[in-house]
file coords-v2.cif (mmCIF, C-alpha atoms)
data_run
#
loop_
_atom_site.label_atom_id
_atom_site.label_comp_id
_atom_site.auth_asym_id
_atom_site.auth_seq_id
_atom_site.Cartn_x
_atom_site.Cartn_y
_atom_site.Cartn_z
CA MET A 1 0.00 0.00 0.00
CA ASN A 2 2.80 2.42 0.86
CA VAL A 3 4.32 1.87 -2.58
CA LEU A 4 1.02 2.80 -4.24
CA LEU A 5 0.75 5.95 -2.14
CA ALA A 6 4.32 6.91 -3.00
CA GLU A 7 3.67 6.37 -6.72
CA ALA A 8 0.62 8.64 -6.41
CA ASN A 9 2.80 11.32 -4.73
CA VAL A 10 0.76 11.21 -1.52
CA PRO A 11 2.75 12.93 1.24
CA TYR A 12 3.56 10.33 3.88
CA ASN A 13 2.92 12.79 6.73
CA ILE A 14 -0.85 12.85 5.99
CA VAL A 15 -1.16 9.05 6.07
CA LEU A 16 -2.69 7.72 9.29
CA GLU A 17 -2.53 4.29 10.86
CA MET A 18 -5.86 2.48 11.07
CA ASP A 19 -6.04 2.69 14.86
CA GLU A 20 -5.40 6.45 14.65
CA ILE A 21 -8.16 7.14 12.13
CA ASN A 22 -10.72 4.81 13.74
CA LYS A 23 -10.69 7.00 16.86
CA ASP A 24 -11.77 10.00 14.77
CA PHE A 25 -14.77 8.51 12.97
CA GLU A 26 -17.28 9.09 15.79
CA ARG A 27 -16.50 12.83 15.60
CA THR A 28 -16.53 12.92 11.79
CA ASP A 29 -19.39 14.45 9.83
CA MET A 30 -18.74 12.62 6.57
CA VAL A 31 -16.43 9.91 5.30
CA MET A 32 -15.89 9.33 1.59
CA VAL A 33 -14.90 5.73 0.78
CA ILE A 34 -13.46 5.33 -2.70
CA GLY A 35 -13.39 1.85 -4.17
CA ALA A 36 -12.91 -0.01 -0.89
CA ASN A 37 -15.01 -2.98 0.15
CA ASP A 38 -13.64 -5.54 2.61
CA ILE A 39 -11.48 -2.99 4.48
CA VAL A 40 -14.68 -1.10 5.49
CA ASN A 41 -16.90 -4.14 6.16
CA PRO A 42 -18.44 -4.09 9.67
CA ASP A 43 -18.86 -7.88 9.57
CA ALA A 44 -15.16 -8.15 10.42
CA LEU A 45 -16.07 -6.91 13.91
CA ASP A 46 -19.76 -7.80 14.25
CA ASN A 47 -20.06 -11.29 12.73
CA PRO A 48 -17.84 -14.00 14.22
CA ASP A 49 -18.91 -16.40 11.43
CA SER A 50 -17.78 -14.06 8.66
CA PRO A 51 -14.77 -15.11 6.54
CA ILE A 52 -13.21 -11.75 7.45
CA ALA A 53 -13.96 -11.96 11.21
CA GLY A 54 -11.15 -10.34 13.17
CA MET A 55 -9.66 -8.55 10.15
CA PRO A 56 -8.67 -4.94 10.94
CA VAL A 57 -11.08 -2.54 9.23
CA CYS A 58 -11.71 1.18 8.95
CA GLU A 59 -14.80 1.76 11.07
CA VAL A 60 -16.28 4.35 8.69
CA TRP A 61 -19.86 3.47 9.69
CA ARG A 62 -19.26 5.32 12.98
CA ALA A 63 -19.28 8.69 11.16
CA LYS A 64 -22.49 10.69 10.90
CA ARG A 65 -22.60 10.04 7.15
CA THR A 66 -20.65 7.69 4.90
CA VAL A 67 -20.60 8.01 1.11
CA VAL A 68 -19.21 5.02 -0.77
CA PHE A 69 -17.98 5.50 -4.34
CA LYS A 70 -17.94 2.21 -6.28
CA ARG A 71 -18.07 1.16 -9.92
CA GLY A 72 -20.85 -1.31 -9.17
CA ALA A 73 -22.62 -3.35 -6.51
CA GLY A 74 -20.17 -6.28 -6.64
CA THR A 75 -18.44 -7.86 -3.67
CA GLY A 76 -14.84 -7.33 -2.66
CA TYR A 77 -11.91 -9.74 -2.67
CA ALA A 78 -13.48 -11.86 0.09
CA GLY A 79 -16.60 -12.37 -2.07
CA ILE A 80 -19.06 -11.43 0.69
CA GLU A 81 -21.78 -8.82 1.00
CA ASN A 82 -20.96 -5.63 2.90
CA PRO A 83 -23.63 -4.51 5.39
CA LEU A 84 -22.09 -1.02 5.39
CA PHE A 85 -23.76 -0.38 2.04
CA VAL A 86 -27.27 -0.68 3.51
CA LYS A 87 -26.74 1.16 6.80
CA ASP A 88 -29.02 4.16 7.40
CA ASN A 89 -26.10 6.61 7.43
CA THR A 90 -24.53 5.29 4.20
CA ARG A 91 -25.16 6.53 0.67
CA MET A 92 -23.87 4.73 -2.41
CA TYR A 93 -22.56 6.62 -5.44
CA TYR A 94 -22.03 4.25 -8.36
CA GLY A 95 -19.73 5.02 -11.26
CA ASN A 96 -16.12 5.86 -11.98
CA ALA A 97 -14.92 7.50 -8.75
CA ASP A 98 -12.60 9.96 -10.50
CA LYS A 99 -15.41 11.24 -12.74
CA SER A 100 -17.99 11.13 -9.92
CA ILE A 101 -15.88 13.21 -7.56
CA GLN A 102 -15.09 15.68 -10.33
CA GLU A 103 -18.85 16.06 -10.98
CA ILE A 104 -19.42 16.79 -7.30
CA LEU A 105 -16.58 19.33 -7.21
CA ASN A 106 -18.02 21.01 -10.31
CA LYS A 107 -21.37 21.37 -8.53
CA PHE A 108 -19.63 23.15 -5.65
CA THR A 109 -18.03 25.64 -8.02
CA GLU A 110 -21.44 26.38 -9.59
CA VAL A 111 -22.86 27.56 -6.25
CA LYS A 112 -22.65 31.32 -5.83
CA PRO A 113 -21.49 32.65 -2.47
CA LEU A 114 -24.13 34.45 -0.41
CA GLU A 115 -24.19 38.22 -0.57
CA LYS A 116 -23.43 40.02 2.70
CA GLN A 117 -27.04 41.13 3.15
CA GLU A 118 -28.22 37.53 2.78
CA VAL A 119 -26.06 36.26 5.60
CA GLN A 120 -27.73 36.44 8.97
CA LYS A 121 -25.61 37.13 11.96
CA VAL A 122 -26.04 34.55 14.64
CA GLU A 123 -25.37 35.87 18.09
CA LYS A 124 -23.95 33.49 20.61
CA LYS A 125 -26.30 32.70 23.42
CA GLU A 126 -25.14 33.75 26.80
CA SER A 127 -24.69 30.65 28.89
CA SER A 128 -23.56 29.75 32.35
CA ASP A 129 -20.10 28.27 32.94
CA SER A 130 -20.97 24.62 32.13
CA ASP A 131 -24.24 25.08 30.28
CA THR A 132 -24.13 24.34 26.55
CA SER A 133 -26.92 24.15 24.02
CA ASP A 134 -27.43 21.55 21.28
CA ASP A 135 -28.21 24.47 18.97
CA GLU A 136 -24.65 25.79 19.16
CA MET A 137 -22.48 24.85 16.25
CA PRO A 138 -19.20 23.09 17.01
CA GLU A 139 -15.96 24.76 16.09
CA ALA A 140 -15.03 24.01 12.49
CA ARG A 141 -12.14 21.62 11.95
CA MET A 142 -10.91 19.41 9.18
CA SER A 143 -9.10 16.10 9.22
CA ILE A 144 -7.56 14.81 6.06
CA GLY A 145 -5.83 11.48 6.02
CA ILE A 146 -5.29 8.38 4.02
CA VAL A 147 -5.29 5.11 5.84
CA LYS A 148 -2.28 2.91 5.36
CA GLU A 149 -2.46 -0.81 5.87
#
call {"tool": "encode", "arguments": {"input": "coords-v2.cif", "output": "structure tokens"}}
result
Amino acid sequence: MNVLLAEANVPYNIVLEMDEINKDFERTDMVMVIGANDIVNPDALDNPDSPIAGMPVCEVWRAKRTVVFKRGAGTGYAGIENPLFVKDNTRMYYGNADKSIQEILNKFTEVKPLEKQEVQKVEKKESSDSDTSDDEMPEARMSIGIVKE
């Protein structure tokens, strides 16, 4: 895997170990899975009778939303179904991943930014020392990483 990443000029310092990235998924809004199957199959942890039981996997299903980009609905190397694909928080996007992602990026560039007068100011609620509201937005942050096996 590291050889493939090096050939694709992926900087090694953004590559995370599986145990490092799995800790982040519960706090992640969206995970995009591109072309993976068995490595993101929850049966490895949940089904002791599965052929992949005990295999280390990326626990992407723990994110709020998971989008899986695949060419088709086929199985992975292990030849088994992946329950991730039918979870409530998963969406499937079939087609060539490179073209599909480019289409999505193009849609983002078509969206016009809001004019200043359209943006509403949101004032922070005054709260007591330990009192927080579910309505408050969390601080924005971004994690970018590529899992290495």
call {"tool": "closest_residue", "arguments": {"input": "coords-v2.cif", "among": "A:Glu20, A:Glu7, A:Glu59, A:Asp29", "to": "Ala44 of chain A", "atoms": "all atoms listed in the file"}}
result
A:Glu59
call {"tool": "resolve_selection", "arguments": {"input": "coords-v2.cif", "expression": "the PyMOL selection byres ((chain A and resi 55) around 9)", "output": "JSON, numbers by chain"}}
result
{"A": [39, 44, 45, 52, 53, 54, 56, 57]}
call {"tool": "atom_distance", "arguments": {"input": "coords-v2.cif", "atom1": "atom CA of Val111 of chain A", "atom2": "atom CA of Val67 of chain A"}}
result
21.0 Å
call {"tool": "atom_distance", "arguments": {"input": "coords-v2.cif", "atom1": "atom CA of Asn47 of chain A", "atom2": "atom CA of Thr90 of chain A"}}
result
19.2 Å
call {"tool": "closest_residue", "arguments": {"input": "coords-v2.cif", "among": "A:Gly76, A:Tyr12, A:Leu105, A:Ala63", "to": "Asp88 of chain A", "atoms": "only C-alpha atoms"}}
result
A:Ala63
call {"tool": "closest_residue", "arguments": {"input": "coords-v2.cif", "among": "A:Glu110, A:Glu26, A:Asp49, A:Asp38", "to": "Arg62 of chain A", "atoms": "all atoms listed in the file"}}
result
A:Glu26
call {"tool": "atom_distance", "arguments": {"input": "coords-v2.cif", "atom1": "atom CA of Asp24 of chain A", "atom2": "atom CA of Ser100 of chain A"}}
result
25.5 Å
call {"tool": "resolve_selection", "arguments": {"input": "coords-v2.cif", "expression": "the PyMOL selection byres ((chain A and resi 60) around 12)", "output": "PyMOL selection string"}}
result
chain A and resi 18+21-34+36-42+57-59+61-68+83-85+87+89-90+147
call {"tool": "write_last_selection", "arguments": {"input": "coords-v2.cif", "atoms": "C-alpha atoms", "output": "short mmCIF file (atom, residue, chain, number, x, y, z; two decimals), in the frame of the given file"}}
result
data_model
loop_
_atom_site.label_atom_id
_atom_site.label_comp_id
_atom_site.auth_asym_id
_atom_site.auth_seq_id
_atom_site.Cartn_x
_atom_site.Cartn_y
_atom_site.Cartn_z
CA MET A 18 -5.86 2.48 11.07
CA ILE A 21 -8.16 7.14 12.13
CA ASN A 22 -10.72 4.81 13.74
CA LYS A 23 -10.69 7.00 16.86
CA ASP A 24 -11.77 10.00 14.77
CA PHE A 25 -14.77 8.51 12.97
CA GLU A 26 -17.28 9.09 15.79
CA ARG A 27 -16.50 12.83 15.60
CA THR A 28 -16.53 12.92 11.79
CA ASP A 29 -19.39 14.45 9.83
CA MET A 30 -18.74 12.62 6.57
CA VAL A 31 -16.43 9.91 5.30
CA MET A 32 -15.89 9.33 1.59
CA VAL A 33 -14.90 5.73 0.78
CA ILE A 34 -13.46 5.33 -2.70
CA ALA A 36 -12.91 -0.01 -0.89
CA ASN A 37 -15.01 -2.98 0.15
CA ASP A 38 -13.64 -5.54 2.61
CA ILE A 39 -11.48 -2.99 4.48
CA VAL A 40 -14.68 -1.10 5.49
CA ASN A 41 -16.90 -4.14 6.16
CA PRO A 42 -18.44 -4.09 9.67
CA VAL A 57 -11.08 -2.54 9.23
CA CYS A 58 -11.71 1.18 8.95
CA GLU A 59 -14.80 1.76 11.07
CA TRP A 61 -19.86 3.47 9.69
CA ARG A 62 -19.26 5.32 12.98
CA ALA A 63 -19.28 8.69 11.16
CA LYS A 64 -22.49 10.69 10.90
CA ARG A 65 -22.60 10.04 7.15
CA THR A 66 -20.65 7.69 4.90
CA VAL A 67 -20.60 8.01 1.11
CA VAL A 68 -19.21 5.02 -0.77
CA PRO A 83 -23.63 -4.51 5.39
CA LEU A 84 -22.09 -1.02 5.39
CA PHE A 85 -23.76 -0.38 2.04
CA LYS A 87 -26.74 1.16 6.80
CA ASN A 89 -26.10 6.61 7.43
CA THR A 90 -24.53 5.29 4.20
CA VAL A 147 -5.29 5.11 5.84
#
